[in-house]
>>> print(open('coords_28.txt').read())   # compact mmCIF, C-alpha atoms and all ligand atoms
# COMPACT_ATOMS: atom_id res chain seq x y z
CA MET A 936 80.70 113.50 113.89
CA ALA A 937 77.83 115.88 114.63
CA ALA A 938 76.35 115.62 118.13
CA GLN A 939 73.03 113.81 118.21
CA GLY A 940 70.76 116.45 119.73
CA VAL A 941 67.01 116.53 119.27
CA ASN A 942 67.26 118.45 116.01
CA THR A 943 70.72 117.36 114.94
CA LYS A 944 71.15 114.67 112.36
CA CYS A 945 74.39 113.40 110.87
CA ASN A 946 75.11 114.59 107.36
CA LEU A 947 75.56 112.00 104.63
CA ALA A 948 77.21 112.42 101.25
CA VAL A 949 75.95 109.70 98.89
CA PHE A 950 78.17 108.82 95.93
CA ILE A 951 76.50 107.15 92.95
CA SER A 952 77.24 106.17 89.35
CA GLY A 953 73.95 104.70 88.14
CA ARG A 954 70.27 104.07 88.73
CA GLY A 955 70.29 104.97 92.43
CA THR A 956 67.94 102.46 94.03
CA ASN A 957 70.09 102.38 97.17
CA LEU A 958 70.06 106.18 97.16
CA GLN A 959 66.26 105.93 97.03
CA ALA A 960 66.29 103.63 100.06
CA LEU A 961 68.43 106.13 101.95
CA ILE A 962 66.18 109.01 100.94
CA GLU A 963 63.18 107.09 102.31
CA ALA A 964 65.02 106.21 105.52
CA CYS A 965 65.99 109.84 106.06
CA LYS A 966 62.31 110.79 106.03
CA GLN A 967 61.82 108.83 109.25
CA SER A 968 62.04 111.08 112.29
CA ASP A 969 64.01 108.49 114.25
CA PHE A 970 66.63 107.97 111.51
CA PRO A 971 69.83 109.64 112.74
CA ALA A 972 70.92 111.12 109.40
CA ARG A 973 69.99 113.38 106.53
CA ILE A 974 71.43 113.53 103.04
CA GLU A 975 73.52 116.67 102.66
CA VAL A 976 74.68 116.05 99.09
CA VAL A 977 74.67 113.51 96.25
CA LEU A 978 77.73 113.20 94.02
CA SER A 979 78.04 111.19 90.81
CA ASN A 980 81.04 110.43 88.62
CA LYS A 981 78.69 109.89 85.65
CA PRO A 982 76.76 112.87 84.25
CA ASP A 983 73.93 110.63 83.01
CA ALA A 984 73.43 108.68 86.24
CA GLU A 985 69.70 108.12 86.74
CA GLY A 986 70.18 108.62 90.46
CA LEU A 987 71.06 112.29 89.89
CA LYS A 988 67.50 112.93 88.65
CA LEU A 989 66.13 111.13 91.66
CA ALA A 990 68.22 113.32 93.96
CA GLU A 991 67.08 116.48 92.19
CA GLN A 992 63.43 115.41 92.41
CA ASN A 993 63.97 115.12 96.14
CA GLY A 994 65.50 118.58 96.40
CA LEU A 995 68.99 117.35 97.23
CA PRO A 996 72.12 119.24 96.10
CA THR A 997 73.85 117.26 93.36
CA TYR A 998 77.28 117.36 91.76
CA CYS A 999 78.97 115.46 88.98
CA VAL A 1000 82.74 115.01 89.03
CA ALA A 1001 83.85 112.85 86.08
CA ARG A 1002 87.18 111.08 86.03
CA LYS A 1003 87.68 111.88 82.33
CA ASP A 1004 87.87 115.59 83.13
CA PHE A 1005 91.07 115.13 85.15
CA ALA A 1006 94.58 114.14 84.20
CA SER A 1007 95.11 111.87 87.18
CA LYS A 1008 93.21 109.93 89.79
CA HIS A 1009 94.70 112.26 92.42
CA ASP A 1010 93.30 115.32 90.63
CA PHE A 1011 89.90 113.62 90.26
CA GLU A 1012 89.76 112.81 93.95
CA GLN A 1013 90.97 116.30 94.90
CA ALA A 1014 88.12 117.72 92.80
CA ILE A 1015 85.66 115.59 94.78
CA ILE A 1016 87.19 116.87 98.03
CA ASP A 1017 87.02 120.48 96.82
CA THR A 1018 83.44 120.05 95.58
CA LEU A 1019 82.28 118.75 98.93
CA ALA A 1020 84.30 121.25 100.99
CA PRO A 1021 81.38 123.66 101.55
CA HIS A 1022 79.26 120.82 102.91
CA PRO A 1023 79.46 119.41 106.42
CA ILE A 1024 79.86 115.65 105.90
CA ASP A 1025 79.85 113.10 108.71
CA LEU A 1026 79.76 109.94 106.60
CA VAL A 1027 80.24 109.18 102.91
CA CYS A 1028 78.01 106.37 101.61
CA LEU A 1029 79.04 104.73 98.35
CA ALA A 1030 75.88 103.49 96.64
CA GLY A 1031 76.92 101.94 93.36
CA PHE A 1032 79.85 104.35 92.96
CA MET A 1033 81.99 102.73 90.28
CA ALA A 1034 85.45 104.03 91.11
CA ILE A 1035 88.21 102.61 93.23
CA LEU A 1036 89.23 105.12 95.86
CA SER A 1037 92.83 105.80 96.82
CA PRO A 1038 94.12 106.65 100.31
CA HIS A 1039 94.06 110.34 99.30
CA LEU A 1040 90.26 110.43 99.32
CA ILE A 1041 89.74 107.73 101.93
CA ASN A 1042 92.00 109.44 104.47
CA HIS A 1043 90.37 112.81 103.85
CA PHE A 1044 87.16 111.53 105.44
CA GLY A 1045 88.99 110.03 108.41
CA ALA A 1046 88.95 106.58 109.98
CA ASN A 1047 85.75 104.75 109.06
CA GLY A 1048 84.52 107.84 107.24
CA ILE A 1049 83.34 106.00 104.11
CA VAL A 1050 81.03 103.00 103.83
CA ASN A 1051 80.02 100.90 100.84
CA ILE A 1052 77.33 98.39 99.97
CA HIS A 1053 78.45 95.36 97.99
CA PRO A 1054 76.21 92.70 96.41
CA SER A 1055 77.82 89.59 97.89
CA LEU A 1056 78.54 88.00 101.21
CA LEU A 1057 82.07 89.34 101.60
CA PRO A 1058 84.79 88.14 101.73
CA ASP A 1059 83.31 86.02 98.92
CA TYR A 1060 83.05 87.62 95.49
CA LYS A 1061 84.81 90.93 95.76
CA GLY A 1062 84.58 93.00 92.58
CA LEU A 1063 82.10 92.58 89.75
CA ASP A 1064 79.63 89.91 88.48
CA THR A 1065 79.02 88.67 92.01
CA HIS A 1066 75.71 86.93 91.31
CA LYS A 1067 76.89 85.04 88.23
CA ARG A 1068 80.01 83.90 90.09
CA ALA A 1069 77.96 82.65 93.06
CA LEU A 1070 75.65 80.71 90.72
CA ASP A 1071 78.55 79.29 88.72
CA ASP A 1072 80.07 78.03 91.99
CA GLY A 1073 76.83 76.27 92.94
CA LYS A 1074 76.39 78.32 96.11
CA THR A 1075 73.16 77.93 98.08
CA GLU A 1076 73.30 81.38 99.68
CA ALA A 1077 74.00 84.89 98.48
CA GLY A 1078 73.51 88.32 99.97
CA CYS A 1079 74.91 91.78 100.50
CA THR A 1080 77.44 93.41 102.77
CA VAL A 1081 77.80 96.93 104.15
CA HIS A 1082 81.44 97.58 105.02
CA TYR A 1083 83.92 100.34 105.73
CA VAL A 1084 86.00 101.44 102.77
CA THR A 1085 89.75 100.89 102.85
CA PRO A 1086 92.30 101.09 100.02
CA ALA A 1087 91.96 97.32 99.54
CA VAL A 1088 88.82 96.89 97.42
CA ASP A 1089 85.79 95.35 99.19
CA ALA A 1090 88.00 94.31 102.10
CA GLY A 1091 87.19 96.76 104.91
CA GLU A 1092 85.57 95.81 108.20
CA ILE A 1093 82.10 94.37 107.79
CA ILE A 1094 79.27 96.28 109.46
CA LEU A 1095 76.25 94.21 108.45
CA GLN A 1096 75.21 91.45 106.05
CA LYS A 1097 71.83 90.23 104.77
CA ARG A 1098 71.47 86.75 103.29
CA VAL A 1099 69.12 85.25 100.70
CA GLN A 1100 68.71 81.64 99.62
CA ILE A 1101 69.74 80.83 96.06
CA LEU A 1102 66.83 79.11 94.31
CA LYS A 1103 67.10 76.25 91.81
CA ASN A 1104 66.10 78.30 88.77
CA ASP A 1105 67.86 81.52 89.72
CA THR A 1106 69.59 83.51 87.01
CA PRO A 1107 72.05 86.33 87.80
CA GLU A 1108 69.14 88.71 87.21
CA THR A 1109 66.60 87.05 89.51
CA LEU A 1110 69.20 86.63 92.21
CA ALA A 1111 70.35 90.24 91.83
CA ALA A 1112 66.77 91.45 92.26
CA ARG A 1113 66.30 89.48 95.49
CA VAL A 1114 69.64 90.63 96.86
CA LEU A 1115 68.84 94.23 95.90
CA ASP A 1116 65.67 94.09 98.02
CA GLN A 1117 67.89 93.15 100.95
CA GLU A 1118 70.39 95.91 100.10
CA HIS A 1119 67.62 98.45 100.50
CA ILE A 1120 66.98 97.18 104.02
CA ALA A 1121 70.63 96.65 104.92
CA TYR A 1122 72.05 100.06 104.00
CA PRO A 1123 69.78 102.23 106.17
CA GLU A 1124 70.03 99.69 108.99
CA ALA A 1125 73.84 99.72 108.85
CA ILE A 1126 74.03 103.51 108.77
CA LYS A 1127 71.70 103.77 111.72
CA ARG A 1128 73.84 101.29 113.62
CA ILE A 1129 77.07 103.17 112.85
CA LEU A 1130 75.75 106.58 113.74
CA LEU A 1131 74.01 105.53 116.95
CA THR A 1132 77.16 103.72 118.05
CA LYS A 1133 79.37 106.74 117.32
CA ALA A 1134 76.99 109.31 118.86
C1 LIG B 1201 74.16 97.69 94.05
O1 LIG B 1201 73.95 96.34 93.73
C2 LIG B 1201 75.30 97.83 95.01
O2 LIG B 1201 75.42 96.76 95.89
C3 LIG B 1201 76.50 97.88 94.09
O3 LIG B 1201 76.07 98.61 92.98
C4 LIG B 1201 74.66 98.48 92.84
C5 LIG B 1201 74.08 99.87 92.81
O4 LIG B 1201 72.71 99.84 92.51
N1 LIG B 1201 77.66 98.43 94.75
P1 LIG B 1201 71.84 101.15 92.66
O5 LIG B 1201 72.46 102.21 91.76
O6 LIG B 1201 71.86 101.56 94.10
O7 LIG B 1201 70.47 100.77 92.20
>>> encode(input="coords_28.txt", output="structure tokens")
Amino acid sequence: MAAQGVNTKCNLAVFISGRGTNLQALIEACKQSDFPARIEVVLSNKPDAEGLKLAEQNGLPTYCVARKDFASKHDFEQAIIDTLAPHPIDLVCLAGFMAILSPHLINHFGANGIVNIHPSLLPDYKGLDTHKRALDDGKTEAGCTVHYVTPAVDAGEIILQKRVQILKNDTPETLAARVLDQEHIAYPEAIKRILLTKA
């Protein structure tokens, strides 16, 4: 962890696979002088991820490491490690990164070195289709969770959650949009909390 001096910010690596709205929220947060981090690098496992363009427009170094280019998950993860090696990284932030990480990559970044944002109130609705599953179950509340990444998917220690009420006429899409608004608040807030606690 980099020391928190006047001009020293922690270095984030943001991993994405898609549109990158959480990346956008982190980019905006990093523009604030009192935010304790900067984005050092953005990495995607999808060459056509919209978020890569966003990162480039913001002058951030970008890389794409695609699983299909490697014979094994281990080789894929080692390529990510090698790609990031020239960059000082204090915290990896998964922001819609659609790959399950093994201990090889998780351990490389040390204890609590990777965080993720998930669109449900964990431990409810790990995995995919969280909003549809919450609606199908007749839940009255949904939300998002920022948590540490461990080899067990969506099961690491919870850092922060934001809740929204489920409305009578909600569809998975309308609920997802309201939860996403909360994600964009939750992720920078959680990162700030982590880094100020560790400093
Ligand atoms: C978000 O809903 C996040 O919670 C989930 O994947 C989605 C990524 O969206 N892990 P975006 O690419 O940040 O817009």
>>> residues_around(input="coords_28.txt", residues="Leu1026 of chain A", least_positions_apart="6", cutoff="9 Å", atoms="all atoms listed in the file", output="ChimeraX atom specification")
/A:936,945-949,1044,1047-1050,1126,1130
>>> closest_atom_pairs(input="coords_28.txt", of="chain A", to="ligand LIG 1201 (chain B)", cutoff="10 Å", atoms="all atoms listed in the file", output="tab-separated table")
residue	atom	partner	partner_atom	distance
A:Phe950	CA	B:LIG1201	O5	9.7
A:Ile951	CA	B:LIG1201	O5	6.5
A:Ser952	CA	B:LIG1201	O5	6.7
A:Gly953	CA	B:LIG1201	O5	4.6
A:Arg954	CA	B:LIG1201	O5	4.2
A:Gly955	CA	B:LIG1201	O5	3.6
A:Thr956	CA	B:LIG1201	O7	3.6
A:Asn957	CA	B:LIG1201	O6	3.6
A:Leu958	CA	B:LIG1201	O6	5.8
A:Gln959	CA	B:LIG1201	O6	7.7
A:Ala960	CA	B:LIG1201	O6	8.4
A:Leu961	CA	B:LIG1201	O6	9.7
A:Ala984	CA	B:LIG1201	O5	8.6
A:Glu985	CA	B:LIG1201	O5	8.2
A:Gly986	CA	B:LIG1201	O5	6.9
A:Leu1029	CA	B:LIG1201	N1	7.4
A:Ala1030	CA	B:LIG1201	O6	5.1
A:Gly1031	CA	B:LIG1201	O3	3.5
A:Phe1032	CA	B:LIG1201	N1	6.6
A:Met1033	CA	B:LIG1201	N1	7.6
A:Asn1051	CA	B:LIG1201	N1	7.0
A:Ile1052	CA	B:LIG1201	O2	4.8
A:His1053	CA	B:LIG1201	O2	3.9
A:Pro1054	CA	B:LIG1201	O2	4.2
A:Ser1055	CA	B:LIG1201	O2	7.8
A:Gly1062	CA	B:LIG1201	N1	9.1
A:Leu1063	CA	B:LIG1201	C3	8.8
A:Thr1065	CA	B:LIG1201	O1	9.4
A:His1066	CA	B:LIG1201	O1	9.9
A:Gly1078	CA	B:LIG1201	O2	9.6
A:Cys1079	CA	B:LIG1201	O2	6.8
A:Thr1080	CA	B:LIG1201	O2	7.9
A:Val1081	CA	B:LIG1201	O2	8.6
A:Asp1089	CA	B:LIG1201	N1	9.8
A:Ala1111	CA	B:LIG1201	O1	7.3
A:Ala1112	CA	B:LIG1201	O1	8.8
A:Val1114	CA	B:LIG1201	O1	7.8
A:Leu1115	CA	B:LIG1201	O1	5.9
A:Asp1116	CA	B:LIG1201	O1	9.6
A:Gln1117	CA	B:LIG1201	O2	9.8
A:Glu1118	CA	B:LIG1201	O2	6.6
A:His1119	CA	B:LIG1201	O6	8.3
A:Tyr1122	CA	B:LIG1201	O2	9.4
>>> atom_distance(input="coords_28.txt", atom1="atom CA of Lys1003 of chain A", atom2="atom CA of Asp1064 of chain A")
24.2 Å
>>> residues_near_point(input="coords_28.txt", point="(87.5, 110.4, 104.8)", cutoff="10 Å", atoms="all atoms listed in the file", output="list in words")
Ile1016, Ile1024, Asp1025, Leu1026, Val1027, Pro1038, His1039, Leu1040, Ile1041, Asn1042, His1043, Phe1044, Gly1045, Ala1046, Asn1047, Gly1048, Ile1049, Val1050, Val1084 and Thr1085 of chain A
>>> atom_distance(input="coords_28.txt", atom1="atom CA of Lys1133 of chain A", atom2="atom CA of Pro1023 of chain A")
16.7 Å
>>> residues_around(input="coords_28.txt", residues="Gly1073 of chain A", least_positions_apart="3", cutoff="12 Å", atoms="only C-alpha atoms", output="ChimeraX atom specification")
/A:1066-1070,1076-1077,1100-1106
>>> residues_around(input="coords_28.txt", residues="Ala1125 of chain A", least_positions_apart="2", cutoff="7 Å", atoms="all atoms listed in the file", output="PyMOL selection string")
chain A and resi 1081+1094-1095+1121-1123+1127-1129
>>> atom_distance(input="coords_28.txt", atom1="atom CA of Leu978 of chain A", atom2="atom CA of Tyr998 of chain A")
4.8 Å
>>> closest_residue(input="coords_28.txt", among="A:His1082, A:Lys988, A:Ser968, A:Val1000", to="Asp1017 of chain A", atoms="all atoms listed in the file")
A:Val1000
>>> closest_residue(input="coords_28.txt", among="A:Val976, A:Leu1131, A:Ala990, A:Ala964", to="Ala1020 of chain A", atoms="only C-alpha atoms")
A:Val976
>>> closest_residue(input="coords_28.txt", among="A:Cys1028, A:Ala972, A:Leu1036, A:Ile962", to="Gln1013 of chain A", atoms="all atoms listed in the file")
A:Leu1036
>>> closest_residue(input="coords_28.txt", among="A:Phe970, A:Phe1011, A:Phe1005, A:Tyr1083", to="Ser1037 of chain A", atoms="all atoms listed in the file")
A:Phe1011
>>> closest_residue(input="coords_28.txt", among="A:Val1099, A:Cys965, A:Ala1034, A:Cys999", to="Val977 of chain A", atoms="only C-alpha atoms")
A:Cys999
>>> closest_residue(input="coords_28.txt", among="A:Thr1109, A:Gln1096, A:Thr1075, A:Asn980", to="Ala1001 of chain A", atoms="only C-alpha atoms")
A:Asn980
>>> decode(input="coords_28.txt", residues="segment 1012-1090 of chain A", atoms="C-alpha atoms", output="tab-separated table (two decimals), in the first residue's frame")
chain	number	residue	atom	x	y	z
A	1012	GLU	CA	-4.21	-15.19	-15.22
A	1013	GLN	CA	-0.41	-15.25	-15.53
A	1014	ALA	CA	-0.74	-13.05	-18.62
A	1015	ILE	CA	-2.77	-10.57	-16.57
A	1016	ILE	CA	-0.09	-10.61	-13.87
A	1017	ASP	CA	2.67	-10.11	-16.46
A	1018	THR	CA	0.73	-7.33	-18.21
A	1019	LEU	CA	0.30	-5.41	-14.98
A	1020	ALA	CA	3.84	-6.05	-13.71
A	1021	PRO	CA	5.24	-2.68	-14.88
A	1022	HIS	CA	2.47	-0.86	-13.01
A	1023	PRO	CA	2.42	-0.16	-9.29
A	1024	ILE	CA	-0.96	-1.47	-8.12
A	1025	ASP	CA	-2.32	-1.05	-4.60
A	1026	LEU	CA	-5.84	-2.33	-5.21
A	1027	VAL	CA	-7.57	-4.17	-8.04
A	1028	CYS	CA	-11.20	-3.15	-8.57
A	1029	LEU	CA	-13.40	-5.53	-10.54
A	1030	ALA	CA	-16.07	-3.46	-12.28
A	1031	GLY	CA	-18.18	-5.85	-14.30
A	1032	PHE	CA	-15.23	-8.17	-14.95
A	1033	MET	CA	-16.87	-11.38	-16.17
A	1034	ALA	CA	-14.32	-14.00	-15.16
A	1035	ILE	CA	-14.01	-16.12	-12.06
A	1036	LEU	CA	-10.59	-15.65	-10.53
A	1037	SER	CA	-8.52	-18.49	-9.12
A	1038	PRO	CA	-6.22	-18.33	-6.09
A	1039	HIS	CA	-3.28	-17.85	-8.49
A	1040	LEU	CA	-4.42	-14.33	-9.40
A	1041	ILE	CA	-6.13	-13.53	-6.11
A	1042	ASN	CA	-3.05	-14.40	-4.04
A	1043	HIS	CA	-0.79	-12.41	-6.34
A	1044	PHE	CA	-2.44	-9.19	-5.16
A	1045	GLY	CA	-2.21	-10.19	-1.50
A	1046	ALA	CA	-4.78	-10.34	1.28
A	1047	ASN	CA	-7.73	-8.08	0.47
A	1048	GLY	CA	-5.98	-6.93	-2.68
A	1049	ILE	CA	-9.01	-7.28	-4.97
A	1050	VAL	CA	-12.51	-5.88	-4.52
A	1051	ASN	CA	-15.68	-6.39	-6.55
A	1052	ILE	CA	-19.06	-4.73	-6.92
A	1053	HIS	CA	-22.04	-7.06	-7.18
A	1054	PRO	CA	-25.64	-6.09	-8.00
A	1055	SER	CA	-27.40	-7.71	-5.06
A	1056	LEU	CA	-27.51	-7.58	-1.31
A	1057	LEU	CA	-25.06	-10.41	-0.70
A	1058	PRO	CA	-25.21	-13.11	0.54
A	1059	ASP	CA	-28.48	-13.14	-1.42
A	1060	TYR	CA	-28.27	-13.73	-5.16
A	1061	LYS	CA	-24.66	-14.57	-5.86
A	1062	GLY	CA	-23.94	-15.00	-9.57
A	1063	LEU	CA	-26.03	-13.76	-12.47
A	1064	ASP	CA	-29.60	-12.47	-13.08
A	1065	THR	CA	-29.76	-10.98	-9.60
A	1066	HIS	CA	-32.59	-8.54	-10.28
A	1067	LYS	CA	-34.90	-11.05	-11.95
A	1068	ARG	CA	-34.31	-13.53	-9.12
A	1069	ALA	CA	-35.11	-10.90	-6.47
A	1070	LEU	CA	-38.33	-9.97	-8.28
A	1071	ASP	CA	-39.32	-13.61	-8.79
A	1072	ASP	CA	-38.89	-14.16	-5.04
A	1073	GLY	CA	-41.18	-11.23	-4.23
A	1074	LYS	CA	-38.47	-9.33	-2.37
A	1075	THR	CA	-39.20	-5.79	-1.22
A	1076	GLU	CA	-35.57	-4.66	-1.18
A	1077	ALA	CA	-32.61	-4.98	-3.51
A	1078	GLY	CA	-29.23	-3.32	-3.71
A	1079	CYS	CA	-25.54	-3.70	-4.32
A	1080	THR	CA	-22.53	-4.92	-2.39
A	1081	VAL	CA	-18.84	-4.06	-2.52
A	1082	HIS	CA	-16.82	-6.97	-1.18
A	1083	TYR	CA	-13.34	-8.44	-1.10
A	1084	VAL	CA	-12.66	-11.12	-3.68
A	1085	THR	CA	-11.91	-14.65	-2.51
A	1086	PRO	CA	-11.84	-17.90	-4.50
A	1087	ALA	CA	-15.46	-18.54	-3.46
A	1088	VAL	CA	-17.54	-16.45	-5.89
A	1089	ASP	CA	-19.30	-13.39	-4.40
A	1090	ALA	CA	-18.58	-14.66	-0.90
